[in-house]
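query.txt (compact mmCIF, C-alpha atoms) appears below.
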# COMPACT_ATOMS: atom_id res chain seq x y z
CA MET A 62 31.11 -18.17 -19.55
CA ALA A 63 32.84 -20.64 -17.25
CA VAL A 64 35.78 -20.90 -19.64
CA MET A 65 36.12 -17.13 -19.91
CA MET A 66 36.17 -16.76 -16.13
CA LYS A 67 38.59 -19.67 -15.75
CA ASN A 68 40.88 -17.98 -18.24
CA GLY A 69 40.98 -14.89 -16.06
CA LEU A 70 38.33 -12.59 -17.49
CA LYS A 71 38.39 -9.38 -15.41
CA THR A 72 34.91 -8.18 -14.52
CA GLN A 73 33.60 -5.18 -12.59
CA THR A 74 32.72 -6.78 -9.26
CA GLU A 75 32.91 -3.35 -7.64
CA PRO A 76 31.39 -1.01 -6.83
CA PHE A 77 28.49 -3.05 -5.53
CA PRO A 78 25.30 -1.05 -6.20
CA GLU A 79 24.30 0.03 -2.70
CA THR A 80 21.30 2.04 -3.83
CA ASP A 81 18.57 1.43 -6.33
CA LYS A 82 19.82 4.38 -8.34
CA GLU A 83 23.22 2.72 -8.70
CA PHE A 84 21.52 -0.56 -9.51
CA ALA A 85 19.47 1.14 -12.20
CA ALA A 86 22.60 2.74 -13.64
CA ILE A 87 24.17 -0.69 -14.17
CA LEU A 88 20.99 -1.94 -15.78
CA GLY A 89 21.16 1.09 -18.05
CA GLU A 90 24.68 0.13 -19.14
CA LEU A 91 23.56 -3.43 -19.82
CA ARG A 92 20.70 -2.23 -21.97
CA GLN A 93 23.17 -0.48 -24.26
CA LEU A 94 24.79 -3.80 -25.13
CA ASP A 95 23.97 -6.10 -27.99
CA PRO A 96 21.81 -8.83 -26.37
CA GLU A 97 24.29 -11.39 -27.75
CA ASP A 98 27.30 -9.67 -26.15
CA LEU A 99 27.93 -12.27 -23.48
CA LYS A 100 31.35 -10.99 -22.54
CA GLY A 101 30.03 -7.44 -22.14
CA LYS A 102 27.27 -8.64 -19.84
CA MET A 103 29.77 -10.55 -17.74
CA VAL A 104 32.13 -7.60 -17.42
CA ILE A 105 29.48 -5.01 -16.54
CA GLY A 106 27.56 -7.47 -14.36
CA GLY A 107 30.73 -8.28 -12.43
CA PHE A 108 30.49 -12.05 -12.74
CA ILE A 109 32.81 -14.31 -10.76
CA ASP A 110 32.80 -18.09 -10.61
CA GLN A 111 32.68 -18.37 -6.83
CA PRO A 112 30.61 -17.06 -3.88
CA TYR A 113 31.30 -13.49 -2.84
CA GLY A 114 31.94 -11.67 0.42
CA PRO A 115 31.65 -12.60 4.09
CA ASP A 116 28.05 -13.74 3.58
CA GLN A 117 29.19 -16.00 0.73
CA GLN A 118 26.57 -14.61 -1.59
CA ARG A 119 25.91 -16.73 -4.64
CA CYS A 120 23.47 -17.07 -7.49
CA LEU A 121 21.64 -19.89 -5.72
CA GLU A 122 20.05 -17.46 -3.26
CA CYS A 123 19.56 -14.62 -5.72
CA MET A 124 15.94 -13.85 -6.55
CA TYR A 125 16.67 -13.77 -10.26
CA TYR A 126 18.09 -17.30 -10.27
CA LEU A 127 15.88 -20.05 -11.68
CA VAL A 128 17.05 -23.24 -10.01
CA HIS A 129 15.90 -25.81 -12.51
CA ARG A 130 16.90 -23.91 -15.61
CA GLN A 131 20.13 -22.72 -13.98
CA TRP A 132 19.28 -19.40 -15.52
CA CYS A 133 19.48 -15.74 -14.54
CA ASP A 134 16.01 -14.32 -15.12
CA LEU A 135 17.01 -10.67 -14.86
CA PRO A 136 15.88 -9.41 -18.28
CA GLU A 137 19.04 -7.34 -18.80
CA LEU A 138 21.23 -10.42 -18.29
CA SER A 139 19.22 -13.51 -19.34
CA VAL A 140 22.19 -15.84 -19.26
CA PRO A 141 22.84 -19.39 -18.04
CA VAL A 142 24.54 -19.36 -14.63
CA ASP A 143 25.97 -21.77 -12.10
CA PRO A 144 24.46 -21.72 -8.58
CA ASN A 145 27.87 -21.01 -7.06
CA TRP A 146 28.64 -17.99 -9.20
CA TRP A 147 27.90 -14.42 -8.21
CA CYS A 148 27.48 -11.03 -9.83
CA ARG A 149 27.05 -7.53 -8.45
CA LEU A 150 23.38 -7.45 -9.43
CA TRP A 151 22.74 -10.02 -6.72
CA ARG A 152 19.52 -9.38 -4.81
CA ILE A 153 17.71 -11.55 -2.36
CA MET B 13 -33.13 5.59 11.61
CA ALA B 14 -29.52 6.76 11.87
CA ASN B 15 -28.54 10.16 10.49
CA LEU B 16 -25.35 10.11 8.45
CA LEU B 17 -23.47 13.14 7.16
CA TRP B 18 -20.55 12.78 4.73
CA LEU B 19 -18.19 15.70 4.09
CA GLN B 20 -15.03 16.05 2.03
CA GLY B 21 -11.91 17.97 2.99
CA GLY B 22 -8.70 17.85 0.96
CA ALA B 23 -9.78 14.99 -1.24
CA CYS B 24 -9.88 13.65 -4.79
CA SER B 25 -13.34 12.07 -4.32
CA GLY B 26 -11.83 8.62 -4.80
CA ASN B 27 -13.49 7.29 -1.68
CA THR B 28 -16.81 8.69 -2.77
CA MET B 29 -16.42 6.84 -6.07
CA SER B 30 -15.54 3.71 -4.14
CA PHE B 31 -18.53 4.11 -1.81
CA LEU B 32 -20.92 4.49 -4.73
CA ASN B 33 -19.62 1.21 -6.16
CA ALA B 34 -20.32 -0.78 -3.00
CA GLU B 35 -22.16 -4.06 -3.45
CA GLU B 36 -22.32 -5.84 -0.11
CA PRO B 37 -24.17 -3.81 0.99
CA SER B 38 -24.66 -1.17 -1.66
CA ALA B 39 -25.13 2.53 -0.97
CA CYS B 40 -28.84 2.08 -1.73
CA ASP B 41 -29.06 -0.85 0.70
CA LEU B 42 -27.89 1.48 3.44
CA VAL B 43 -31.06 3.49 2.99
CA THR B 44 -33.59 0.80 2.14
CA ASP B 45 -32.43 -2.10 4.31
CA PHE B 46 -30.44 -0.62 7.16
CA GLY B 47 -32.36 2.52 8.01
CA ILE B 48 -29.57 4.98 7.33
CA ASN B 49 -30.72 8.48 6.55
CA ILE B 50 -28.02 10.11 4.42
CA LEU B 51 -28.51 13.73 5.36
CA TRP B 52 -26.01 15.03 2.88
CA HIS B 53 -23.15 13.79 0.73
CA PRO B 54 -21.01 15.80 -1.73
CA SER B 55 -22.21 13.74 -4.70
CA LEU B 56 -25.73 12.94 -3.50
CA GLY B 57 -26.84 15.84 -1.37
CA LEU B 58 -29.69 17.98 -2.69
CA GLU B 59 -29.32 21.02 -0.47
CA LEU B 60 -27.20 23.92 -1.63
CA GLY B 61 -26.19 27.30 -0.25
CA GLU B 62 -28.26 28.56 2.66
CA ASN B 63 -30.29 25.37 2.92
CA LEU B 64 -27.12 23.38 3.46
CA GLN B 65 -25.78 25.88 5.98
CA LYS B 66 -29.07 25.66 7.82
CA MET B 67 -28.79 21.89 8.02
CA LEU B 68 -25.21 22.01 9.22
CA LYS B 69 -26.07 24.56 11.88
CA ALA B 70 -28.97 22.38 13.03
CA LEU B 71 -26.51 19.54 13.41
CA THR B 72 -23.85 21.50 15.28
CA SER B 73 -26.47 22.98 17.63
CA GLY B 74 -27.90 19.58 18.41
CA ALA B 75 -31.31 20.41 16.97
CA LEU B 76 -30.79 17.64 14.42
CA PRO B 77 -29.10 14.51 15.82
CA LEU B 78 -25.93 13.36 14.08
CA ASP B 79 -25.36 9.65 14.48
CA ILE B 80 -22.52 9.10 12.04
CA PHE B 81 -20.14 11.71 10.73
CA VAL B 82 -18.11 10.40 7.81
CA PHE B 83 -15.15 12.44 6.69
CA GLU B 84 -13.21 11.95 3.46
CA GLY B 85 -10.01 13.87 2.70
CA THR B 86 -7.55 15.71 4.86
CA VAL B 87 -8.19 18.48 7.30
CA VAL B 88 -6.54 21.41 5.52
CA ASN B 89 -4.93 23.92 7.89
CA ALA B 90 -3.19 26.22 5.40
CA PRO B 91 -2.59 29.07 5.20
CA ASN B 92 -1.08 29.81 8.59
CA GLY B 93 -3.37 27.51 10.51
CA THR B 94 -6.57 29.18 9.31
CA GLY B 95 -7.90 26.46 6.99
CA GLU B 96 -8.98 29.12 4.53
CA TRP B 97 -7.67 27.09 1.60
CA ASN B 98 -10.57 24.70 2.06
CA ARG B 99 -13.73 26.68 2.69
CA PHE B 100 -17.14 25.05 2.74
CA ALA B 101 -20.60 26.46 3.39
CA GLY B 102 -19.30 29.83 4.42
CA ARG B 103 -16.40 28.92 6.70
CA PRO B 104 -13.22 26.81 6.77
CA MET B 105 -14.03 23.11 6.53
CA ARG B 106 -11.86 22.43 9.57
CA ASP B 107 -14.22 24.54 11.69
CA TRP B 108 -17.16 22.43 10.56
CA VAL B 109 -15.13 19.32 11.39
CA THR B 110 -14.43 20.62 14.90
CA ASP B 111 -18.08 21.36 15.61
CA LEU B 112 -19.52 18.25 13.97
CA CYS B 113 -17.12 15.91 15.77
CA LYS B 114 -18.37 17.32 19.09
CA VAL B 115 -21.96 16.31 18.38
CA ALA B 116 -21.50 13.08 16.39
CA ASN B 117 -22.11 9.73 18.06
CA PHE B 118 -19.54 8.13 15.78
CA VAL B 119 -16.84 9.65 13.60
CA VAL B 120 -15.58 7.57 10.68
CA ALA B 121 -12.53 8.59 8.64
CA ILE B 122 -12.64 7.13 5.14
CA GLY B 123 -9.48 6.77 3.06
CA ASP B 124 -5.84 7.61 3.73
CA CYS B 125 -6.27 11.36 3.62
CA ALA B 126 -8.86 11.44 6.38
CA THR B 127 -7.13 8.78 8.46
CA TRP B 128 -3.50 9.95 8.39
CA GLY B 129 -3.05 12.57 5.74
CA GLY B 130 -2.24 10.39 2.74
CA ILE B 131 -0.76 12.00 -0.34
CA PRO B 132 -1.67 15.62 0.53
CA ALA B 133 0.28 15.36 3.80
CA THR B 134 3.37 14.00 2.05
CA ALA B 135 6.40 16.25 2.47
CA PRO B 136 6.49 19.17 2.00
CA ASN B 137 2.75 19.09 2.80
CA PRO B 138 1.95 22.48 1.26
CA SER B 139 -1.68 22.45 2.41
CA ASP B 140 -0.62 21.74 6.01
CA SER B 141 -2.89 18.71 5.93
CA GLN B 142 -3.65 16.33 8.77
CA GLY B 143 -5.74 13.23 9.24
CA LEU B 144 -8.53 13.38 11.77
CA GLN B 145 -6.61 11.63 14.53
CA PHE B 146 -3.23 10.80 12.99
CA LEU B 147 -0.61 12.53 10.93
CA LYS B 148 1.10 9.63 9.23
CA ARG B 149 2.18 7.37 12.12
CA SER B 150 1.99 10.11 14.73
CA HIS B 151 -1.07 9.88 16.95
CA GLY B 152 -2.93 13.14 17.38
CA GLY B 153 -3.86 14.60 14.03
CA TYR B 154 -6.39 17.38 13.87
CA LEU B 155 -8.67 16.24 16.69
CA GLY B 156 -5.91 15.21 19.10
CA LYS B 157 -5.08 11.78 20.44
CA ASP B 158 -7.60 11.96 23.30
CA PHE B 159 -10.61 12.63 21.11
CA LYS B 160 -13.58 10.36 21.58
CA SER B 161 -16.95 10.74 19.93
CA LYS B 162 -20.14 10.82 21.99
CA ALA B 163 -20.40 7.04 21.80
CA GLY B 164 -16.99 6.78 23.47
CA LEU B 165 -14.98 5.59 20.49
CA PRO B 166 -12.04 7.33 18.86
CA VAL B 167 -12.24 8.05 15.15
CA ILE B 168 -12.85 4.78 13.32
CA ASN B 169 -10.20 4.69 10.60
CA VAL B 170 -10.98 2.94 7.33
CA PRO B 171 -7.84 3.61 5.29
CA GLY B 172 -7.03 2.87 1.67
CA CYS B 173 -6.44 4.85 -1.47
CA PRO B 174 -9.29 4.39 -1.92
CA ALA B 175 -10.87 2.27 0.79
CA HIS B 176 -12.63 -0.80 -0.59
CA PRO B 177 -16.35 -0.08 -1.11
CA ASP B 178 -17.48 -2.86 1.18
CA TRP B 179 -15.14 -1.87 4.01
CA ILE B 180 -16.92 1.47 3.99
CA THR B 181 -20.50 0.26 3.87
CA GLN B 182 -19.98 -2.63 6.27
CA ILE B 183 -18.50 -0.38 8.91
CA VAL B 184 -21.25 2.19 8.42
CA VAL B 185 -23.87 -0.54 8.77
CA ALA B 186 -22.21 -1.92 11.90
CA VAL B 187 -22.32 1.52 13.50
CA ALA B 188 -25.84 2.32 12.32
CA THR B 189 -27.27 -0.93 13.61
CA GLY B 190 -25.89 -0.44 17.10
CA ARG B 191 -22.87 -2.70 16.80
CA GLY B 192 -20.30 0.08 16.85
CA GLY B 193 -19.26 -0.89 20.35
CA ASP B 194 -18.35 -4.35 19.09
CA LEU B 195 -15.77 -2.99 16.69
CA ALA B 196 -12.27 -3.98 17.80
CA LEU B 197 -9.72 -1.45 16.59
CA ASP B 198 -5.99 -1.90 16.16
CA GLU B 199 -3.28 0.56 17.25
CA PHE B 200 -4.12 2.77 14.27
CA GLN B 201 -7.84 2.61 15.04
CA ARG B 202 -8.54 0.40 12.05
CA PRO B 203 -11.25 -2.26 12.45
CA LYS B 204 -9.40 -5.48 13.17
CA THR B 205 -11.90 -7.49 11.20
CA PHE B 206 -10.41 -6.00 8.03
CA PHE B 207 -6.90 -4.97 8.97
CA THR B 208 -5.33 -7.85 10.89
CA SER B 209 -4.42 -10.07 7.95
CA PHE B 210 -2.07 -8.97 5.20
CA THR B 211 -2.61 -8.00 1.59
CA GLN B 212 -0.57 -11.08 0.85
CA THR B 213 -3.14 -13.26 2.61
CA GLY B 214 -4.94 -14.95 -0.26
CA CYS B 215 -2.62 -13.65 -2.96
CA THR B 216 -2.45 -15.98 -5.93
CA ARG B 217 1.32 -15.45 -6.05
CA ASN B 218 1.98 -16.92 -2.62
CA MET B 219 3.49 -20.07 -4.12
CA HIS B 220 6.02 -17.94 -5.94
CA PHE B 221 6.72 -15.98 -2.76
CA ALA B 222 7.35 -19.24 -0.92
CA TYR B 223 9.78 -20.53 -3.52
CA LYS B 224 11.45 -17.16 -4.05
CA VAL B 225 10.60 -16.83 -7.70
CA SER B 226 10.43 -13.19 -8.73
CA ALA B 227 8.31 -11.43 -11.31
CA THR B 228 10.74 -9.28 -13.23
CA GLU B 229 8.33 -7.31 -15.40
CA PHE B 230 4.81 -5.94 -14.97
CA GLY B 231 2.01 -8.12 -16.22
CA GLN B 232 3.87 -11.38 -15.70
CA ARG B 233 1.58 -13.90 -14.13
CA LYS B 234 4.53 -15.94 -12.90
CA GLY B 235 6.51 -14.78 -9.92
CA CYS B 236 6.13 -12.75 -6.76
CA LEU B 237 6.03 -8.97 -6.99
CA PHE B 238 7.73 -8.45 -3.61
CA TYR B 239 11.29 -9.30 -4.56
CA ASP B 240 11.91 -6.77 -7.30
CA LEU B 241 8.85 -4.69 -8.13
CA GLY B 242 8.27 -3.06 -4.77
CA CYS B 243 5.16 -4.97 -3.68
CA ARG B 244 4.30 -4.27 -0.05
CA GLY B 245 1.80 -7.11 0.26
CA PRO B 246 3.77 -9.02 2.92
CA MET B 247 3.84 -6.06 5.33
CA THR B 248 0.57 -4.28 4.58
CA HIS B 249 -2.55 -4.92 6.62
CA SER B 250 -5.58 -5.17 4.35
CA PRO B 251 -8.00 -7.83 3.09
CA CYS B 252 -7.49 -6.96 -0.60
CA ASN B 253 -7.03 -10.62 -1.50
CA ARG B 254 -9.87 -11.81 0.75
CA ILE B 255 -12.50 -9.23 -0.14
CA LEU B 256 -11.77 -8.87 -3.83
CA TRP B 257 -12.15 -5.66 -5.81
CA ASN B 258 -15.14 -5.64 -8.13
CA ARG B 259 -15.68 -9.19 -6.83
CA GLN B 260 -13.03 -10.21 -9.36
CA SER B 261 -9.46 -9.43 -8.56
CA SER B 262 -6.87 -7.42 -6.69
CA LYS B 263 -3.80 -5.44 -7.59
CA THR B 264 -1.40 -8.30 -6.97
CA ARG B 265 -3.57 -10.81 -8.80
CA ALA B 266 -3.51 -8.52 -11.82
CA GLY B 267 0.27 -8.09 -11.70
CA MET B 268 0.31 -4.70 -9.99
CA PRO B 269 2.45 -4.42 -6.84
CA CYS B 270 0.66 -3.49 -3.62
CA LEU B 271 1.55 0.08 -2.71
CA GLY B 272 0.80 -0.35 0.97
CA CYS B 273 -2.02 2.18 0.89
CA THR B 274 -3.66 1.07 4.11
CA GLU B 275 -0.57 1.88 6.18
CA PRO B 276 0.15 5.30 7.72
CA GLU B 277 3.39 5.86 5.79
CA PHE B 278 1.70 5.69 2.40
CA PRO B 279 2.97 6.92 -0.02
CA PHE B 280 6.25 5.41 1.09
CA PHE B 281 9.60 7.19 0.88
CA ASP B 282 7.73 10.44 0.16
CA LEU B 283 7.54 9.35 -3.47
CA ALA B 284 11.26 9.97 -3.99
CA PRO B 285 12.33 9.07 -7.56
CA GLY B 286 13.15 5.40 -7.93
CA THR B 287 11.19 4.28 -4.88
CA VAL B 288 7.89 3.46 -6.54
CA PHE B 289 7.53 -0.01 -8.03
CA LYS B 290 11.06 -0.90 -6.98
CA THR B 291 11.95 -2.96 -3.95
CA GLN B 292 14.34 -0.88 -1.87
CA THR B 293 17.44 -2.82 -0.85
CA VAL B 294 20.61 -2.41 1.14
CA MET B 295 23.46 -4.45 -0.31
CA GLY B 296 20.95 -6.57 -2.16
CA VAL B 297 18.74 -7.29 0.88
CA PRO B 298 15.25 -5.69 1.15
CA LYS B 299 15.03 -2.71 3.51
CA ASP B 300 11.52 -3.69 4.50
CA MET B 301 11.15 -7.34 5.37
CA PRO B 302 7.90 -9.27 5.50
CA ALA B 303 6.28 -8.52 8.87
CA GLY B 304 8.01 -10.36 11.70
CA VAL B 305 10.96 -11.65 9.66
CA ASP B 306 14.57 -10.59 10.37
CA LYS B 307 17.46 -10.44 7.93
CA THR B 308 19.22 -13.58 9.14
CA GLY B 309 16.04 -15.60 9.02
CA TYR B 310 15.18 -14.19 5.62
CA ILE B 311 18.52 -15.24 4.11
CA LYS B 312 18.25 -18.72 5.59
CA LEU B 313 14.69 -19.04 4.36
CA THR B 314 15.71 -17.96 0.89
CA ALA B 315 18.47 -20.57 0.66
CA ALA B 316 16.13 -23.31 1.83
CA ALA B 317 13.27 -22.20 -0.43
CA LYS B 318 15.47 -21.97 -3.51
CA ALA B 319 16.95 -25.37 -2.80
CA ALA B 320 13.48 -26.88 -2.46
CA SER B 321 11.89 -25.00 -5.33
CA PRO B 322 9.94 -27.28 -7.69
CA ARG B 323 10.25 -27.02 -11.45
CA TRP B 324 6.71 -25.74 -11.93
CA ALA B 325 7.45 -22.66 -9.83
CA GLU B 326 9.55 -21.34 -12.70
CA GLN B 327 6.82 -21.76 -15.28
CA ASP B 328 3.75 -19.74 -16.11
CA ILE B 329 1.22 -22.15 -14.69
CA PHE B 330 -1.68 -19.89 -15.62
CA VAL B 331 -1.27 -20.54 -19.35
CA VAL B 332 -3.93 -22.97 -20.58
Translate the structure of the given file into structure tokens.
Amino acid sequence: MAVMMKNGLKTQTEPFPETDKEFAAILGELRQLDPEDLKGKMVIGGFIDQPYGPDQQRCLECMYYLVHRQWCDLPELSVPVDPNWWCRLWRI
Amino acid sequence: MANLLWLQGGACSGNTMSFLNAEEPSACDLVTDFGINILWHPSLGLELGENLQKMLKALTSGALPLDIFVFEGTVVNAPNGTGEWNRFAGRPMRDWVTDLCKVANFVVAIGDCATWGGIPATAPNPSDSQGLQFLKRSHGGYLGKDFKSKAGLPVINVPGCPAHPDWITQIVVAVATGRGGDLALDEFQRPKTFFTSFTQTGCTRNMHFAYKVSATEFGQRKGCLFYDLGCRGPMTHSPCNRILWNRQSSKTRAGMPCLGCTEPEFPFFDLAPGTVFKTQTVMGVPKDMPAGVDKTGYIKLTAAAKAASPRWAEQDIFVV
């Protein structure tokens, strides 16, 4: 994942899901993917390899982030992540 | 001997079912040990038809003393303020409520519907329902905000959907044994002894709340239900994790998010699609914070808690 982002993978960081309906719509898109489709998850999830926005949001504070496993526990993603990354499914 | 009358307005009988399951004390204990004379109850009362009307008239006239009037369900005002949609013993139930509240020493509202309208009063409230002394958060309700029973207390509100069996019987016993005046009530007229602490108080998931580990699916024993699954335990006043249900468990212990059923706004967000069992957020931050916590503090706390989170917090420690 880090290599893909370093090589300039374009992901859908926007629009940020401002409502739960929009959030659920993104989850719905993710569920359509093959669970092994890492690139698809990154694109739809809007992954970037740095903190995001004026609040410097990052995986480290996200409720789905498991610190010791460095893992995103959101069932629709279930991918290894770095604490300083971010995606648009970020929730605190 | 204290005379108790229990009537139902716009109700599902859930609080009656709860009452009949009480253990400490039980419904039978009320009669045998605490001298409560249950004059009539929708599921226990023997009188029917004219005999029941005769009893109710004796109560409203003062010929038969009424010590405790327990009301379950909403006061139904439809159609057009007549209450005709909920008739009982020959007249609208709301008229009985009016007359009985005038003569009762104590009035006890059991369950959300009787306290603040509950589900029937949720928009668009087709039955024009009210609680006895509240409509949702608005003070007043059917009896008006200045109502006081003969003993000088406002309606004693025991909310819940349903109320826990022992909250019901313990309050009834307190009133029947002359300790009603000792009851301290909060701003929503709930007994403080039950409704000062939070549902979260005593929750087995508190460690996961502290370290910001979320449950992401129902039935997971790992993780806190607040972050994603809409649990209202941190901002709901109830002793559900102190006085356990069936002496065994609670919603949150069993993996079911607290729905906040002891608060006036229940059911929250008027049950709009997508609002049940889903934590409502604005730009990823919960709309409703744990009581007393602001957004800035919450974000700082999250960063610190995640940074300090131990390895075991990510594991299912309940597996043997």
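Nearest-residue note for Pro76 (chain A): choosing from B:Met295, B:Asp328, B:Pro136, B:Thr127, the minimum distance belongs to B:Met295, counting all atoms listed in the file.
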**Request:** Write out as a list in words every residue belonging to chain A that has an atom at most 9 Å from any atom of chain B, counting only C-alpha atoms.
**Result:**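 Residues of chain A within 9 Å of chain B, counting only C-alpha atoms: Phe77, Pro78, Glu79, Thr80, Asp81, Lys82, Ala85, Leu121, Glu122, Cys123, Met124, Tyr125, Tyr126, Leu127, Val128, His129, Arg130, Asp134, Leu135, Pro136, Arg149, Leu150, Trp151, Arg152 and Ile153 of chain A.
Coordinates place CA of Asp178 (chain B) at a distance of 15.6 Å from CA of Leu195 (chain B).
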Handout entry: Using all atoms listed in the file: which of B:Val170, B:Ala23, B:Met29, B:Val185 has the shortest distance to Phe206 (chain B)
Key =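 For Phe206 (chain B), the nearest of the given residues is B:Val170.
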Practice problem: Name all residues at most 7 Å from Arg92 (chain A) (count all atoms listed in the file; drop same-chain ones fewer than 3 positions away) and give them as a PyMOL selection string. | Solution: chain A and resi 88-89+137
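The interatomic distance for the pair CA of Thr208 (chain B) and CA of Glu36 (chain B) works out to 20.3 Å.
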_To one decimal place in Å, what is the distance between CA of Glu90 (chain A) and CA of Gly242 (chain B)?_
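A separation of 22.0 Å between them.
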- Message: I want to know what sits within 10 Å of Lys67 (chain A), based on all atoms listed in the file, with residues of the same chain fewer than 5 positions away left out; could you give that as a VMD selection string?
- Response: chain A and resid 62 109 to 110
Please dump the current selection as a short mmCIF file (atom, residue, chain, number, x, y, z; two decimals), keeping the file's coordinate frame; keep C-alpha atoms.
data_model
loop_
_atom_site.label_atom_id
_atom_site.label_comp_id
_atom_site.auth_asym_id
_atom_site.auth_seq_id
_atom_site.Cartn_x
_atom_site.Cartn_y
_atom_site.Cartn_z
CA MET A 62 31.11 -18.17 -19.55
CA ILE A 109 32.81 -14.31 -10.76
CA ASP A 110 32.80 -18.09 -10.61
#
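Residues surrounding region 111-114 of chain A within 9 Å are Phe108, Ile109, Asp116, Gln117, Gln118, Arg119, Cys120, Asn145, Trp146, Trp147 and Cys148 of chain A [all atoms listed in the file; sequence separation below 2 positions excluded].
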For Phe210 (chain B): contacts at 8 Å, all atoms listed in the file, fewer than 3 positions along chain excluded, given as a PDB file with C-alpha atoms, keeping the file's coordinate frame:
ATOM      1  CA  PHE B 207      -6.900  -4.970   8.970  1.00  0.00           C
ATOM      2  CA  THR B 213      -3.140 -13.260   2.610  1.00  0.00           C
ATOM      3  CA  GLY B 245       1.800  -7.110   0.260  1.00  0.00           C
ATOM      4  CA  PRO B 246       3.770  -9.020   2.920  1.00  0.00           C
ATOM      5  CA  MET B 247       3.840  -6.060   5.330  1.00  0.00           C
ATOM      6  CA  THR B 248       0.570  -4.280   4.580  1.00  0.00           C
ATOM      7  CA  HIS B 249      -2.550  -4.920   6.620  1.00  0.00           C
ATOM      8  CA  SER B 250      -5.580  -5.170   4.350  1.00  0.00           C
ATOM      9  CA  PRO B 251      -8.000  -7.830   3.090  1.00  0.00           C
TER      10      PRO B 251
END
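Minimum distance to Pro166 (chain B) across B:Pro138, B:Pro203, B:Pro104, B:Gly214 (counting only C-alpha atoms) occurs at B:Pro203.
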Centre, edges in Å (one decimal): axis-aligned box, region 85-99 of chain A, 8 Å padding on all six sides, as JSON:
{"center_x": 23.7, "center_y": -4.8, "center_z": -20.1, "size_x": 24.5, "size_y": 31.0, "size_z": 31.8}
- For Val119 (chain B), please output as a PyMOL selection string all residues within 10 Å (counting only C-alpha atoms; exclusion window: fewer than 6 positions along the same chain). chain B and resi 16-17+78-83+112-113+144+160-163+165-169+187
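Using all atoms listed in the file, the shortest contact distance between Leu91 (chain A) and any of A:Ser139, A:Gln131, A:Thr74, A:Asn68 is found at A:Ser139.
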Notebook entry, point to check: Out of B:Asp306, B:Gln212, B:Asp300, B:Gly93, which residue has the shortest atom-to-atom distance to Cys270 (chain B) when counting all atoms listed in the file?
Noted result: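 So, comparing all the options, the nearest one is B:Gln212.
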**Asked** Which is closest to Trp108 (chain B) among B:Gly190, B:Pro174, B:Gly304, B:Gly95, if we use all atoms listed in the file?
**Response**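 Result for the nearest residue to Trp108 (chain B): B:Gly95.
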Quick one: region 77-88 of chain A with N, CA and C atoms, as a PDB file, in the first residue's frame?
ATOM      1  N   PHE A  77     -15.697  13.941   1.537  1.00  0.00           N
ATOM      2  CA  PHE A  77     -15.690  13.327   2.863  1.00  0.00           C
ATOM      3  C   PHE A  77     -17.140  13.031   3.232  1.00  0.00           C
ATOM      4  N   PRO A  78     -17.445  11.840   3.733  1.00  0.00           N
ATOM      5  CA  PRO A  78     -18.848  11.532   4.075  1.00  0.00           C
ATOM      6  C   PRO A  78     -19.305  12.331   5.298  1.00  0.00           C
ATOM      7  N   GLU A  79     -20.092  13.360   5.067  1.00  0.00           N
ATOM      8  CA  GLU A  79     -20.516  14.227   6.178  1.00  0.00           C
ATOM      9  C   GLU A  79     -21.691  13.642   6.941  1.00  0.00           C
ATOM     10  N   THR A  80     -22.419  12.757   6.312  1.00  0.00           N
ATOM     11  CA  THR A  80     -23.567  12.145   6.997  1.00  0.00           C
ATOM     12  C   THR A  80     -23.375  10.635   7.038  1.00  0.00           C
ATOM     13  N   ASP A  81     -24.156  10.017   7.908  1.00  0.00           N
ATOM     14  CA  ASP A  81     -24.058   8.561   8.013  1.00  0.00           C
ATOM     15  C   ASP A  81     -24.570   7.869   6.756  1.00  0.00           C
ATOM     16  N   LYS A  82     -25.479   8.540   6.065  1.00  0.00           N
ATOM     17  CA  LYS A  82     -25.977   7.974   4.811  1.00  0.00           C
ATOM     18  C   LYS A  82     -24.851   7.925   3.782  1.00  0.00           C
ATOM     19  N   GLU A  83     -24.081   9.013   3.713  1.00  0.00           N
ATOM     20  CA  GLU A  83     -22.952   9.044   2.771  1.00  0.00           C
ATOM     21  C   GLU A  83     -21.887   8.033   3.178  1.00  0.00           C
ATOM     22  N   PHE A  84     -21.684   7.916   4.485  1.00  0.00           N
ATOM     23  CA  PHE A  84     -20.725   6.941   4.997  1.00  0.00           C
ATOM     24  C   PHE A  84     -21.152   5.528   4.596  1.00  0.00           C
ATOM     25  N   ALA A  85     -22.436   5.270   4.773  1.00  0.00           N
ATOM     26  CA  ALA A  85     -22.962   3.940   4.441  1.00  0.00           C
ATOM     27  C   ALA A  85     -22.852   3.666   2.944  1.00  0.00           C
ATOM     28  N   ALA A  86     -22.979   4.710   2.136  1.00  0.00           N
ATOM     29  CA  ALA A  86     -22.879   4.520   0.684  1.00  0.00           C
ATOM     30  C   ALA A  86     -21.468   4.072   0.300  1.00  0.00           C
ATOM     31  N   ILE A  87     -20.472   4.652   0.956  1.00  0.00           N
ATOM     32  CA  ILE A  87     -19.081   4.243   0.671  1.00  0.00           C
ATOM     33  C   ILE A  87     -18.856   2.801   1.119  1.00  0.00           C
ATOM     34  N   LEU A  88     -19.400   2.481   2.283  1.00  0.00           N
ATOM     35  CA  LEU A  88     -19.273   1.087   2.741  1.00  0.00           C
ATOM     36  C   LEU A  88     -19.920   0.139   1.731  1.00  0.00           C
TER      37      LEU A  88
END
